[in-house]
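Have a look at start.cif below; it lists mmCIF, C-alpha atoms.
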data_protein
#
loop_
_atom_site.label_atom_id
_atom_site.label_comp_id
_atom_site.auth_asym_id
_atom_site.auth_seq_id
_atom_site.Cartn_x
_atom_site.Cartn_y
_atom_site.Cartn_z
CA MET E 1 16.89 -1.00 -28.47
CA ALA E 2 14.75 -2.29 -25.59
CA LEU E 3 13.96 -5.98 -25.58
CA HIS E 4 10.24 -5.35 -26.05
CA GLU E 5 11.01 -3.39 -29.23
CA THR E 6 12.95 -6.35 -30.56
CA PHE E 7 10.32 -8.90 -29.67
CA SER E 8 7.52 -6.75 -31.09
CA LEU E 9 8.92 -7.17 -34.61
CA GLY E 10 6.70 -9.93 -35.93
CA VAL E 11 5.77 -11.12 -32.44
CA ASP E 12 2.65 -10.43 -30.41
CA PRO E 13 3.46 -7.34 -28.27
CA GLU E 14 2.18 -8.97 -25.09
CA LEU E 15 4.34 -12.04 -25.65
CA GLY E 16 7.31 -9.79 -26.35
CA LEU E 17 6.71 -7.90 -23.12
CA GLN E 18 6.43 -11.13 -21.15
CA ALA E 19 9.72 -12.32 -22.62
CA GLU E 20 11.37 -9.00 -21.79
CA VAL E 21 10.22 -9.07 -18.18
CA ALA E 22 11.27 -12.70 -17.74
CA ALA E 23 14.71 -11.92 -19.15
CA LEU E 24 15.13 -8.87 -16.94
CA ASN E 25 14.15 -10.76 -13.78
CA ALA E 26 16.66 -13.49 -14.63
CA GLN E 27 19.38 -10.99 -15.48
CA PHE E 28 18.98 -8.94 -12.30
CA GLU E 29 18.43 -11.73 -9.77
CA GLY E 30 20.58 -10.75 -6.80
CA ALA E 31 21.42 -7.33 -8.26
CA SER E 32 21.40 -4.19 -6.15
CA ALA E 33 18.65 -1.60 -6.33
CA HIS E 34 21.16 0.88 -7.75
CA GLU E 35 22.11 -1.51 -10.57
CA ILE E 36 18.45 -2.05 -11.45
CA LEU E 37 17.73 1.68 -11.49
CA LEU E 38 20.85 2.54 -13.45
CA THR E 39 20.00 0.07 -16.20
CA ALA E 40 16.29 0.94 -16.27
CA ILE E 41 16.75 4.73 -16.36
CA ARG E 42 19.86 5.13 -18.49
CA HIS E 43 19.66 2.14 -20.81
CA GLN E 44 16.67 -0.22 -20.98
CA PHE E 45 13.96 2.47 -20.90
CA ALA E 46 16.02 5.63 -21.44
CA GLY E 47 13.72 8.59 -22.02
CA GLY E 48 10.60 6.49 -21.50
CA ILE E 49 10.50 5.80 -17.78
CA ALA E 50 9.06 7.69 -14.81
CA MET E 51 9.04 7.12 -11.09
CA VAL E 52 5.69 7.15 -9.30
CA SER E 53 5.95 8.38 -5.73
CA SER E 54 3.43 9.06 -2.97
CA PHE E 55 6.06 10.99 -0.99
CA GLY E 56 4.98 8.77 1.85
CA ALA E 57 6.60 7.08 4.83
CA ASP E 58 9.77 5.71 3.19
CA SER E 59 9.65 7.41 -0.20
CA ALA E 60 12.84 9.38 0.44
CA VAL E 61 15.01 6.28 -0.02
CA LEU E 62 13.98 5.47 -3.59
CA LEU E 63 13.73 9.15 -4.52
CA HIS E 64 17.30 9.61 -3.33
CA MET E 65 18.46 6.63 -5.41
CA VAL E 66 16.73 7.93 -8.52
CA ALA E 67 18.19 11.39 -7.98
CA GLN E 68 21.67 9.84 -7.81
CA VAL E 69 21.15 8.18 -11.19
CA ASP E 70 19.42 11.13 -12.88
CA PRO E 71 17.70 13.98 -10.97
CA SER E 72 15.76 14.92 -14.11
CA THR E 73 13.91 11.59 -14.15
CA PRO E 74 10.17 12.36 -14.26
CA VAL E 75 8.61 11.78 -10.83
CA LEU E 76 4.81 11.50 -10.92
CA PHE E 77 2.94 12.51 -7.76
CA VAL E 78 -0.83 12.19 -7.50
CA ASP E 79 -2.40 14.73 -5.17
CA THR E 80 -5.82 13.26 -4.43
CA VAL E 81 -6.84 16.48 -2.65
CA LYS E 82 -7.44 14.26 0.39
CA LEU E 83 -3.81 13.92 1.49
CA PHE E 84 -2.38 14.91 4.84
CA PRO E 85 -1.05 18.50 4.63
CA ALA E 86 2.20 17.10 6.02
CA THR E 87 2.63 15.00 2.85
CA ILE E 88 2.49 18.08 0.61
CA LEU E 89 5.07 19.83 2.77
CA TYR E 90 7.23 16.71 2.75
CA ARG E 91 7.09 16.56 -1.04
CA ASP E 92 8.36 20.12 -1.26
CA GLN E 93 11.11 19.39 1.27
CA LEU E 94 12.36 16.33 -0.60
CA VAL E 95 12.28 18.06 -3.98
CA GLU E 96 14.61 20.73 -2.61
CA THR E 97 16.78 18.40 -0.51
CA LEU E 98 17.35 15.83 -3.24
CA GLY E 99 17.61 18.26 -6.15
CA LEU E 100 14.78 16.64 -8.12
CA THR E 101 14.08 18.75 -11.21
CA ASN E 102 11.10 17.05 -12.85
CA VAL E 103 8.43 16.32 -10.24
CA ARG E 104 4.98 16.45 -11.81
CA THR E 105 1.91 16.80 -9.60
CA HIS E 106 -1.35 15.45 -10.99
CA LYS E 107 -4.80 15.96 -9.46
CA PRO E 108 -8.23 14.46 -10.17
CA GLU E 109 -10.19 16.05 -12.99
CA ALA E 110 -12.57 18.73 -11.75
CA ASP E 111 -15.37 17.28 -13.88
CA ASP E 112 -14.87 13.82 -12.37
CA LEU E 113 -15.10 15.22 -8.87
CA ALA E 114 -18.14 17.34 -9.71
CA THR E 115 -19.93 14.35 -11.20
CA ASN E 116 -18.88 11.54 -8.87
CA ASP E 117 -17.91 13.18 -5.59
CA PRO E 118 -19.43 16.68 -5.41
CA ALA E 119 -19.55 16.69 -1.61
CA GLY E 120 -16.07 15.16 -1.23
CA MET E 121 -17.45 12.35 0.91
CA LEU E 122 -17.37 9.41 -1.50
CA TRP E 123 -14.72 7.75 0.67
CA MET E 124 -17.40 7.12 3.31
CA SER E 125 -19.58 4.98 1.03
CA ASP E 126 -17.31 3.55 -1.67
CA THR E 127 -13.56 3.63 -1.12
CA ASP E 128 -12.84 1.81 -4.38
CA ALA E 129 -14.71 4.41 -6.42
CA CYS E 130 -13.06 7.21 -4.45
CA CYS E 131 -9.58 5.82 -5.11
CA HIS E 132 -10.45 5.33 -8.75
CA ILE E 133 -11.37 8.94 -9.52
CA ARG E 134 -8.84 10.53 -7.17
CA LYS E 135 -5.78 8.35 -7.77
CA VAL E 136 -6.16 5.63 -10.39
CA VAL E 137 -7.46 7.79 -13.24
CA PRO E 138 -5.03 10.70 -12.62
CA LEU E 139 -2.09 8.28 -12.57
CA ALA E 140 -3.27 6.51 -15.75
CA ASN E 141 -3.34 9.91 -17.45
CA ALA E 142 0.07 10.87 -16.04
CA LEU E 143 1.65 7.64 -17.33
CA LYS E 144 0.57 8.19 -20.93
CA GLY E 145 3.63 8.25 -23.15
CA PHE E 146 5.83 6.24 -20.77
CA GLU E 147 6.84 2.65 -21.49
CA ALA E 148 7.91 1.85 -17.92
CA TRP E 149 7.55 3.15 -14.39
CA ILE E 150 9.33 2.74 -11.08
CA SER E 151 7.49 1.69 -7.93
CA GLY E 152 8.67 1.64 -4.32
CA ARG E 153 6.76 -1.49 -3.31
CA LYS E 154 8.49 -4.09 -1.12
CA ARG E 155 7.70 -7.70 -0.28
CA TYR E 156 7.69 -7.19 3.46
CA GLN E 157 4.91 -4.60 3.35
CA SER E 158 2.00 -7.03 3.13
CA ALA E 159 1.00 -10.57 2.22
CA THR E 160 -0.28 -9.37 -1.15
CA ARG E 161 3.25 -8.21 -2.05
CA ALA E 162 5.19 -11.20 -0.71
CA ALA E 163 6.02 -12.62 -4.16
CA LEU E 164 6.88 -9.30 -5.80
CA ASP E 165 9.31 -9.45 -8.74
CA TYR E 166 11.79 -6.76 -9.72
CA PHE E 167 10.05 -6.38 -13.08
CA GLU E 168 6.35 -6.83 -13.85
CA ILE E 169 3.89 -6.13 -16.64
CA ASP E 170 1.23 -3.55 -15.89
CA GLU E 171 -1.24 -2.25 -18.47
CA GLY E 172 1.16 -2.79 -21.35
CA ARG E 173 4.10 -1.21 -19.50
CA VAL E 174 6.97 -2.59 -17.47
CA LYS E 175 6.82 -1.80 -13.77
CA VAL E 176 10.18 -1.76 -12.00
CA ASN E 177 10.37 -2.62 -8.28
CA PRO E 178 14.05 -2.08 -7.35
CA LEU E 179 13.39 -2.36 -3.60
CA ALA E 180 11.33 -5.55 -3.83
CA ASP E 181 13.63 -7.57 -1.56
CA TRP E 182 14.46 -4.79 0.90
CA THR E 183 13.46 -5.10 4.54
CA ALA E 184 12.25 -2.39 6.88
CA GLY E 185 15.71 -2.45 8.42
CA ASP E 186 17.33 -1.89 5.02
CA ILE E 187 15.15 1.15 4.45
CA LEU E 188 15.96 2.61 7.85
CA ASP E 189 19.70 1.96 7.47
CA TYR E 190 19.81 3.64 4.05
CA ALA E 191 17.86 6.66 5.28
CA ARG E 192 20.18 7.07 8.26
CA THR E 193 23.34 6.59 6.20
CA HIS E 194 22.29 9.30 3.76
CA ASP E 195 20.71 11.54 6.42
CA LEU E 196 17.35 11.57 4.66
CA PRO E 197 14.52 13.52 6.32
CA PRO E 198 11.68 11.28 7.54
CA HIS E 199 8.02 11.90 6.82
CA PRO E 200 6.81 13.79 9.90
CA LEU E 201 3.88 11.40 10.44
CA VAL E 202 6.04 8.28 10.83
CA SER E 203 7.06 9.21 14.37
CA GLN E 204 3.37 9.65 15.19
CA GLY E 205 2.55 6.02 14.38
CA TYR E 206 1.91 6.05 10.63
CA PRO E 207 4.31 3.61 8.88
CA SER E 208 2.17 3.71 5.72
CA ILE E 209 0.56 6.97 4.69
CA GLY E 210 -2.23 7.52 2.19
CA CYS E 211 -5.20 9.86 2.21
CA LEU E 212 -6.16 11.42 5.51
CA PRO E 213 -9.70 9.96 5.81
CA CYS E 214 -8.57 6.38 5.13
CA THR E 215 -5.28 6.22 7.05
CA SER E 216 -5.04 5.45 10.76
CA LYS E 217 -2.22 4.81 13.20
CA VAL E 218 -0.69 1.33 13.40
CA ALA E 219 -0.10 -0.44 16.69
CA PRO E 220 3.23 -2.17 17.46
CA GLY E 221 3.33 -5.62 15.85
CA GLU E 222 0.67 -4.87 13.26
CA ASP E 223 1.23 -5.16 9.51
CA PRO E 224 2.76 -1.82 8.39
CA ARG E 225 -0.23 -1.28 6.09
CA ALA E 226 -2.85 -2.21 8.71
CA GLY E 227 -3.79 1.44 9.04
CA ARG E 228 -4.84 1.73 5.42
CA TRP E 229 -8.62 1.33 4.96
CA ARG E 230 -8.83 -0.18 8.44
CA GLY E 231 -11.76 -2.53 8.95
CA GLN E 232 -12.15 -3.26 5.24
CA ASP E 233 -10.96 -6.07 2.98
CA LYS E 234 -9.34 -3.44 0.80
CA THR E 235 -5.52 -3.52 0.83
CA GLU E 236 -4.58 -1.52 -2.28
CA CYS E 237 -5.76 1.77 -3.75
CA GLY E 238 -5.92 0.21 -7.21
CA ILE E 239 -2.87 1.61 -9.00
CA HIS E 240 -0.99 -1.65 -8.45
CA TRP E 241 -3.77 -3.86 -9.75
CA PRO E 242 -3.36 -5.07 -13.36
CA SER E 243 -6.76 -3.54 -14.16
CA HIS E 244 -5.92 -0.16 -12.65
CA GLY E 245 -6.72 1.74 -15.83
CA LYS E 246 -10.17 0.25 -16.33
CA GLU E 247 -13.52 1.72 -15.46
CA VAL E 248 -15.33 1.08 -12.22
CA ASP E 249 -18.26 -1.29 -12.47
CA GLY E 250 -20.75 -2.39 -9.86
CA SER E 251 -18.24 -4.65 -8.15
CA GLY E 252 -15.52 -2.04 -7.78
CA ILE E 253 -12.27 -1.52 -9.65
#
Reformat the file's structure so that it appears as C-alpha coordinates.
Amino acid sequence: MALHETFSLGVDPELGLQAEVAALNAQFEGASAHEILLTAIRHQFAGGIAMVSSFGADSAVLLHMVAQVDPSTPVLFVDTVKLFPATILYRDQLVETLGLTNVRTHKPEADDLATNDPAGMLWMSDTDACCHIRKVVPLANALKGFEAWISGRKRYQSATRAALDYFEIDEGRVKVNPLADWTAGDILDYARTHDLPPHPLVSQGYPSIGCLPCTSKVAPGEDPRAGRWRGQDKTECGIHWPSHGKEVDGSGI
(Lines of atoms letter the chains of each structure in order from A and count residues from 1; the text may use other names and numbers.)
(Lines give C-alpha, C1' and ligand atoms only; values in the text may rest on other atoms or scores of the structure.)
Protein backbone atom coordinates (compact mmCIF):
# COMPACT_ATOMS: atom_id res chain seq x y z
CA MET A 1 0.00 0.00 0.00
CA ALA A 2 1.37 3.42 -0.98
CA LEU A 3 2.02 5.86 1.82
CA HIS A 4 -0.65 8.27 0.58
CA GLU A 5 -3.23 5.46 0.81
CA THR A 6 -2.25 4.89 4.42
CA PHE A 7 -2.32 8.54 5.35
CA SER A 8 -5.64 9.11 3.60
CA LEU A 9 -7.41 6.85 6.11
CA GLY A 10 -8.86 9.42 8.46
CA VAL A 11 -6.37 12.10 7.41
CA ASP A 12 -6.81 14.98 4.99
CA PRO A 13 -5.63 13.66 1.57
CA GLU A 14 -3.44 16.69 0.94
CA LEU A 15 -1.72 16.31 4.30
CA GLY A 16 -1.23 12.62 3.60
CA LEU A 17 0.33 13.41 0.23
CA GLN A 18 2.64 15.98 1.80
CA ALA A 19 3.76 13.44 4.38
CA GLU A 20 4.34 10.84 1.67
CA VAL A 21 6.47 13.17 -0.42
CA ALA A 22 8.49 14.31 2.59
CA ALA A 23 9.13 10.71 3.58
CA LEU A 24 10.16 9.74 0.06
CA ASN A 25 12.58 12.66 -0.27
CA ALA A 26 14.18 11.72 3.05
CA GLN A 27 14.33 8.04 2.15
CA PHE A 28 15.93 8.58 -1.26
CA GLU A 29 18.38 11.37 -0.42
CA GLY A 30 21.59 10.37 -2.18
CA ALA A 31 19.94 7.46 -4.01
CA SER A 32 20.60 6.75 -7.67
CA ALA A 33 18.12 7.55 -10.41
CA HIS A 34 17.73 3.82 -11.06
CA GLU A 35 16.83 3.16 -7.41
CA ILE A 36 14.23 5.93 -7.47
CA LEU A 37 12.67 4.64 -10.69
CA LEU A 38 12.70 1.02 -9.57
CA THR A 39 10.84 1.83 -6.37
CA ALA A 40 8.42 4.26 -8.01
CA ILE A 41 7.48 2.01 -10.94
CA ARG A 42 7.50 -1.44 -9.36
CA HIS A 43 6.51 -0.72 -5.78
CA GLN A 44 5.37 2.70 -4.55
CA PHE A 45 3.09 3.52 -7.49
CA ALA A 46 2.91 0.15 -9.26
CA GLY A 47 0.27 0.25 -11.98
CA GLY A 48 -0.49 3.92 -11.35
CA ILE A 49 2.51 5.79 -12.72
CA ALA A 50 3.40 7.14 -16.16
CA MET A 51 6.40 8.88 -17.61
CA VAL A 52 5.85 12.17 -19.43
CA SER A 53 8.36 12.75 -22.20
CA SER A 54 8.83 15.45 -24.82
CA PHE A 55 11.27 13.22 -26.73
CA GLY A 56 13.49 16.26 -26.65
CA ALA A 57 17.20 16.99 -26.38
CA ASP A 58 18.16 14.57 -23.59
CA SER A 59 14.99 12.50 -23.27
CA ALA A 60 16.72 9.30 -24.38
CA VAL A 61 18.53 8.95 -21.05
CA LEU A 62 15.45 8.77 -18.82
CA LEU A 63 13.50 6.79 -21.41
CA HIS A 64 16.32 4.24 -21.47
CA MET A 65 16.27 4.00 -17.67
CA VAL A 66 12.52 3.50 -17.58
CA ALA A 67 12.73 0.86 -20.31
CA GLN A 68 15.31 -1.02 -18.22
CA VAL A 69 12.92 -1.11 -15.26
CA ASP A 70 9.76 -1.87 -17.27
CA PRO A 71 9.39 -1.20 -21.02
CA SER A 72 5.60 -1.38 -20.69
CA THR A 73 5.51 1.69 -18.43
CA PRO A 74 3.06 4.19 -19.97
CA VAL A 75 4.96 7.02 -21.67
CA LEU A 76 2.81 10.08 -22.39
CA PHE A 77 3.86 12.26 -25.32
CA VAL A 78 2.00 15.46 -26.17
CA ASP A 79 2.13 16.34 -29.85
CA THR A 80 1.18 20.01 -29.92
CA VAL A 81 1.00 19.91 -33.74
CA LYS A 82 3.65 22.65 -33.64
CA LEU A 83 6.66 20.42 -32.97
CA PHE A 84 9.75 20.12 -35.13
CA PRO A 85 9.28 17.25 -37.61
CA ALA A 86 12.61 15.94 -36.33
CA THR A 87 11.05 15.41 -32.88
CA ILE A 88 8.34 13.13 -34.28
CA LEU A 89 10.95 11.10 -36.15
CA TYR A 90 13.10 10.95 -33.02
CA ARG A 91 10.16 9.66 -31.00
CA ASP A 92 9.66 6.83 -33.46
CA GLN A 93 13.38 6.03 -33.45
CA LEU A 94 13.58 5.84 -29.65
CA VAL A 95 10.43 3.73 -29.36
CA GLU A 96 12.02 1.14 -31.63
CA THR A 97 15.55 1.41 -30.24
CA LEU A 98 14.56 1.17 -26.58
CA GLY A 99 11.75 -1.35 -27.01
CA LEU A 100 9.11 0.87 -25.42
CA THR A 101 5.72 -0.82 -25.75
CA ASN A 102 3.28 1.70 -24.29
CA VAL A 103 3.96 5.15 -25.73
CA ARG A 104 0.75 7.16 -25.93
CA THR A 105 0.59 10.24 -28.15
CA HIS A 106 -1.94 12.90 -27.19
CA LYS A 107 -2.89 15.93 -29.29
CA PRO A 108 -4.95 19.06 -28.58
CA GLU A 109 -8.69 18.71 -28.95
CA ALA A 110 -9.90 19.72 -32.40
CA ASP A 111 -12.70 21.79 -30.86
CA ASP A 112 -10.23 23.69 -28.67
CA LEU A 113 -8.10 24.54 -31.68
CA ALA A 114 -11.10 25.54 -33.77
CA THR A 115 -12.38 27.82 -31.02
CA ASN A 116 -9.16 29.30 -29.65
CA ASP A 117 -6.59 29.01 -32.42
CA PRO A 118 -8.36 28.54 -35.77
CA ALA A 119 -5.52 30.10 -37.76
CA GLY A 120 -2.79 28.29 -35.79
CA MET A 121 -1.10 31.59 -34.96
CA LEU A 122 -2.02 32.05 -31.29
CA TRP A 123 1.64 31.64 -30.36
CA MET A 124 2.32 35.06 -31.90
CA SER A 125 -0.03 36.92 -29.55
CA ASP A 126 -0.38 34.81 -26.39
CA THR A 127 2.16 32.07 -25.77
CA ASP A 128 0.62 31.13 -22.42
CA ALA A 129 -2.78 30.52 -23.99
CA CYS A 130 -1.17 28.61 -26.86
CA CYS A 131 0.73 26.34 -24.48
CA HIS A 132 -2.41 25.84 -22.43
CA ILE A 133 -4.59 24.48 -25.23
CA ARG A 134 -1.82 22.64 -27.08
CA LYS A 135 0.11 21.10 -24.19
CA VAL A 136 -1.30 21.72 -20.72
CA VAL A 137 -4.87 20.55 -21.36
CA PRO A 138 -3.87 17.47 -23.42
CA LEU A 139 -1.44 16.40 -20.70
CA ALA A 140 -4.01 16.94 -17.94
CA ASN A 141 -6.37 14.66 -19.86
CA ALA A 142 -3.63 12.09 -20.48
CA LEU A 143 -2.75 11.94 -16.76
CA LYS A 144 -6.29 11.11 -15.64
CA GLY A 145 -6.26 7.84 -13.76
CA PHE A 146 -2.58 8.04 -12.76
CA GLU A 147 -1.48 8.74 -9.19
CA ALA A 148 2.09 9.69 -10.09
CA TRP A 149 4.21 10.71 -13.06
CA ILE A 150 7.88 10.81 -13.95
CA SER A 151 9.55 13.99 -15.20
CA GLY A 152 12.99 14.50 -16.70
CA ARG A 153 13.61 17.92 -15.15
CA LYS A 154 17.05 18.71 -13.70
CA ARG A 155 18.32 21.42 -11.39
CA TYR A 156 21.02 22.64 -13.73
CA GLN A 157 18.58 23.48 -16.52
CA SER A 158 17.47 26.86 -15.17
CA ALA A 159 17.26 29.03 -12.07
CA THR A 160 13.58 28.12 -11.66
CA ARG A 161 14.57 24.45 -11.23
CA ALA A 162 17.60 24.94 -8.96
CA ALA A 163 15.85 23.65 -5.81
CA LEU A 164 14.10 20.71 -7.46
CA ASP A 165 13.28 17.75 -5.19
CA TYR A 166 13.15 14.10 -6.25
CA PHE A 167 9.47 13.97 -5.29
CA GLU A 168 6.91 16.77 -5.49
CA ILE A 169 3.16 17.25 -5.27
CA ASP A 170 1.45 18.34 -8.46
CA GLU A 171 -2.33 18.62 -8.85
CA GLY A 172 -3.00 15.90 -6.30
CA ARG A 173 -0.38 13.55 -7.77
CA VAL A 174 3.22 12.79 -6.94
CA LYS A 175 5.74 13.95 -9.52
CA VAL A 176 9.00 12.01 -9.58
CA ASN A 177 12.21 13.73 -10.74
CA PRO A 178 14.86 10.97 -10.69
CA LEU A 179 17.43 13.07 -12.56
CA ALA A 180 17.03 16.16 -10.37
CA ASP A 181 20.69 16.25 -9.29
CA TRP A 182 22.21 15.19 -12.61
CA THR A 183 24.52 17.54 -14.48
CA ALA A 184 24.81 18.06 -18.22
CA GLY A 185 27.98 15.99 -18.05
CA ASP A 186 26.14 13.13 -16.34
CA ILE A 187 23.55 13.11 -19.11
CA LEU A 188 26.19 13.09 -21.83
CA ASP A 189 28.22 10.34 -20.13
CA TYR A 190 25.17 8.11 -19.72
CA ALA A 191 24.10 8.61 -23.33
CA ARG A 192 27.58 7.76 -24.58
CA THR A 193 27.95 4.74 -22.31
CA HIS A 194 24.68 3.27 -23.55
CA ASP A 195 25.14 4.43 -27.16
CA LEU A 196 21.86 6.35 -27.16
CA PRO A 197 20.94 8.23 -30.34
CA PRO A 198 20.92 12.02 -29.88
CA HIS A 199 18.09 14.28 -30.97
CA PRO A 200 19.20 15.50 -34.42
CA LEU A 201 18.65 19.16 -33.50
CA VAL A 202 21.11 19.17 -30.59
CA SER A 203 24.12 19.30 -32.90
CA GLN A 204 22.51 22.27 -34.64
CA GLY A 205 22.51 24.39 -31.47
CA TYR A 206 19.26 23.40 -29.74
CA PRO A 207 20.02 22.06 -26.22
CA SER A 208 16.36 22.45 -25.24
CA ILE A 209 13.68 21.69 -27.80
CA GLY A 210 10.00 22.62 -27.69
CA CYS A 211 7.63 23.79 -30.38
CA LEU A 212 9.14 25.05 -33.61
CA PRO A 213 7.79 28.64 -33.49
CA CYS A 214 8.97 29.26 -29.93
CA THR A 215 12.37 27.53 -29.91
CA SER A 216 15.57 29.17 -31.12
CA LYS A 217 19.24 28.23 -31.12
CA VAL A 218 21.30 28.83 -27.98
CA ALA A 219 24.69 30.53 -28.07
CA PRO A 220 27.69 29.08 -26.17
CA GLY A 221 27.54 30.08 -22.50
CA GLU A 222 23.82 30.78 -22.48
CA ASP A 223 21.36 29.02 -20.18
CA PRO A 224 20.38 25.75 -21.93
CA ARG A 225 16.75 26.92 -21.98
CA ALA A 226 17.53 30.43 -23.24
CA GLY A 227 16.17 29.50 -26.64
CA ARG A 228 12.71 28.76 -25.30
CA TRP A 229 10.32 31.72 -25.71
CA ARG A 230 13.31 33.99 -26.32
CA GLY A 231 12.73 37.63 -25.43
CA GLN A 232 9.88 36.83 -23.03
CA ASP A 233 9.67 36.42 -19.26
CA LYS A 234 8.14 33.01 -19.86
CA THR A 235 10.37 30.09 -18.82
CA GLU A 236 7.94 27.16 -18.62
CA CYS A 237 5.15 25.89 -20.86
CA GLY A 238 2.89 25.43 -17.85
CA ILE A 239 2.84 21.68 -17.28
CA HIS A 240 5.31 22.03 -14.40
CA TRP A 241 3.37 24.78 -12.66
CA PRO A 242 1.21 23.65 -9.71
CA SER A 243 -1.80 25.23 -11.44
CA HIS A 244 -1.17 23.50 -14.76
CA GLY A 245 -4.63 21.95 -14.89
CA LYS A 246 -6.53 25.18 -14.32
CA GLU A 247 -8.22 27.39 -16.84
CA VAL A 248 -6.58 30.38 -18.45
CA ASP A 249 -7.74 33.74 -17.15
CA GLY A 250 -6.84 37.22 -18.23
CA SER A 251 -3.42 37.05 -16.61
CA GLY A 252 -2.37 33.79 -18.23
CA ILE A 253 -2.10 30.28 -16.84
Here's a test: counting all atoms listed in the file, identify every protein, DNA and RNA residue with an atom at most 6 Å from (-6.7, 17.6, -3.9) in the file's coordinate frame, and state them as a PDB file with C-alpha atoms, in the coordinates of the input.
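The resulting file, out_29.pdb, is shown below:
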ATOM      1  CA  ASP E  79      -2.400  14.730  -5.170  1.00  0.00           C
ATOM      2  CA  THR E  80      -5.820  13.260  -4.430  1.00  0.00           C
ATOM      3  CA  VAL E  81      -6.840  16.480  -2.650  1.00  0.00           C
ATOM      4  CA  LYS E  82      -7.440  14.260   0.390  1.00  0.00           C
TER       5      LYS E  82
END
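Here the question is which of E:Pro178, E:Gly205, E:Gly16, E:Gly172 gets nearest to Val61 (chain E) using all atoms listed in the file, and that residue is E:Pro178.
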All residues 10 Å or closer to region 91-100 of chain E, only C-alpha atoms, same chain fewer than 6 positions away omitted, as number ranges by chain: E: 53-56, 59-60, 63-68, 70-75, 77, 196-199
Residues matched by the PyMOL selection byres ((chain E and resi 127) around 12), written as number ranges by chain: E: 117, 120-126, 128-135, 211, 213-215, 228-238, 248, 251-253
Atomic distance CA of Ala26 (chain E) - CA of Leu164 (chain E), expressed in Å with one decimal: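 Between CA of Ala26 (chain E) and CA of Leu164 (chain E) the gap works out to 13.8 Å.
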Best match for closeness to Arg155 (chain E) among E:Asn116, E:Pro224, E:Ala22, E:Glu109, counting all atoms listed in the file: E:Pro224
Might you pull out every residue within 10 Å of Arg104 (chain E), with only C-alpha atoms counted and same-chain residues fewer than 2 positions away left off, and present them as a PDB file with C-alpha atoms, keeping the file's coordinate frame?
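Written out: result06.pdb:
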ATOM      1  CA  VAL E  52       5.690   7.150  -9.300  1.00  0.00           C
ATOM      2  CA  PRO E  74      10.170  12.360 -14.260  1.00  0.00           C
ATOM      3  CA  VAL E  75       8.610  11.780 -10.830  1.00  0.00           C
ATOM      4  CA  LEU E  76       4.810  11.500 -10.920  1.00  0.00           C
ATOM      5  CA  PHE E  77       2.940  12.510  -7.760  1.00  0.00           C
ATOM      6  CA  VAL E  78      -0.830  12.190  -7.500  1.00  0.00           C
ATOM      7  CA  THR E 101      14.080  18.750 -11.210  1.00  0.00           C
ATOM      8  CA  ASN E 102      11.100  17.050 -12.850  1.00  0.00           C
ATOM      9  CA  HIS E 106      -1.350  15.450 -10.990  1.00  0.00           C
ATOM     10  CA  ALA E 142       0.070  10.870 -16.040  1.00  0.00           C
TER      11      ALA E 142
END
Residue list as a ChimeraX atom specification for point (-2.4, 8.7, 12.0), cut-off 6 Å, only C-alpha atoms: /E:206,216-217
Residues matched by the PyMOL selection byres ((chain E and resi 179) around 10) as a PyMOL selection string: chain E and resi 32-34+36-37+61-62+150-155+164-166+176-178+180-183+186-187
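Distances to Ile209 (chain E) were evaluated for E:Ala163, E:Ala86, E:Ile49, E:Val69 using all atoms listed in the file, and the minimum falls at E:Ala86.
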Two-atom distance - CA of Phe45 (chain E), CA of Ala140 (chain E) (Å): 18.4 Å
CA of Glu147 (chain E) to CA of Glu14 (chain E), straight-line distance in Å: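 It comes out at 13.0 Å.
Distances to Ala148 (chain E) were evaluated for E:Phe28, E:Gly210, E:Gln44, E:Pro85 using only C-alpha atoms, and the minimum falls at E:Gln44.
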Nearest to Ala46 (chain E) by atom-to-atom distance, counting all atoms listed in the file, from E:Ser203, E:Ser208, E:Phe84, E:Phe146: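 Going through E:Ser203, E:Ser208, E:Phe84, E:Phe146 one by one, the smallest distance to Ala46 (chain E) is for E:Phe146.
Closest approach to Lys175 (chain E) among E:Val202, E:Ala114, E:Ala50, E:Leu89 is made by E:Ala50 (distances from all atoms listed in the file).
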Is it possible to add N, CA and C atoms to region 85-96 of chain E and hand it back as a PDB file, keeping the file's coordinate frame?
ATOM      1  N   PRO E  85      -1.855  17.309   4.969  1.00  0.00           N
ATOM      2  CA  PRO E  85      -1.050  18.500   4.630  1.00  0.00           C
ATOM      3  C   PRO E  85       0.440  18.249   4.807  1.00  0.00           C
ATOM      4  N   ALA E  86       0.792  17.404   5.773  1.00  0.00           N
ATOM      5  CA  ALA E  86       2.200  17.100   6.020  1.00  0.00           C
ATOM      6  C   ALA E  86       2.850  16.423   4.808  1.00  0.00           C
ATOM      7  N   THR E  87       2.074  15.673   4.023  1.00  0.00           N
ATOM      8  CA  THR E  87       2.630  15.000   2.850  1.00  0.00           C
ATOM      9  C   THR E  87       3.001  16.020   1.770  1.00  0.00           C
ATOM     10  N   ILE E  88       2.182  17.033   1.594  1.00  0.00           N
ATOM     11  CA  ILE E  88       2.490  18.080   0.610  1.00  0.00           C
ATOM     12  C   ILE E  88       3.755  18.831   1.011  1.00  0.00           C
ATOM     13  N   LEU E  89       3.867  19.138   2.285  1.00  0.00           N
ATOM     14  CA  LEU E  89       5.070  19.830   2.770  1.00  0.00           C
ATOM     15  C   LEU E  89       6.298  18.938   2.626  1.00  0.00           C
ATOM     16  N   TYR E  90       6.120  17.657   2.869  1.00  0.00           N
ATOM     17  CA  TYR E  90       7.230  16.710   2.750  1.00  0.00           C
ATOM     18  C   TYR E  90       7.685  16.586   1.301  1.00  0.00           C
ATOM     19  N   ARG E  91       6.731  16.572   0.386  1.00  0.00           N
ATOM     20  CA  ARG E  91       7.090  16.560  -1.040  1.00  0.00           C
ATOM     21  C   ARG E  91       7.993  17.743  -1.371  1.00  0.00           C
ATOM     22  N   ASP E  92       7.585  18.920  -0.958  1.00  0.00           N
ATOM     23  CA  ASP E  92       8.360  20.120  -1.260  1.00  0.00           C
ATOM     24  C   ASP E  92       9.750  20.062  -0.632  1.00  0.00           C
ATOM     25  N   GLN E  93       9.818  19.520   0.583  1.00  0.00           N
ATOM     26  CA  GLN E  93      11.110  19.390   1.270  1.00  0.00           C
ATOM     27  C   GLN E  93      12.042  18.451   0.514  1.00  0.00           C
ATOM     28  N   LEU E  94      11.524  17.294   0.092  1.00  0.00           N
ATOM     29  CA  LEU E  94      12.360  16.330  -0.600  1.00  0.00           C
ATOM     30  C   LEU E  94      12.793  16.820  -1.981  1.00  0.00           C
ATOM     31  N   VAL E  95      11.912  17.512  -2.670  1.00  0.00           N
ATOM     32  CA  VAL E  95      12.280  18.060  -3.980  1.00  0.00           C
ATOM     33  C   VAL E  95      13.505  18.963  -3.844  1.00  0.00           C
ATOM     34  N   GLU E  96      13.490  19.813  -2.820  1.00  0.00           N
ATOM     35  CA  GLU E  96      14.610  20.730  -2.610  1.00  0.00           C
ATOM     36  C   GLU E  96      15.849  19.991  -2.099  1.00  0.00           C
TER      37      GLU E  96
END
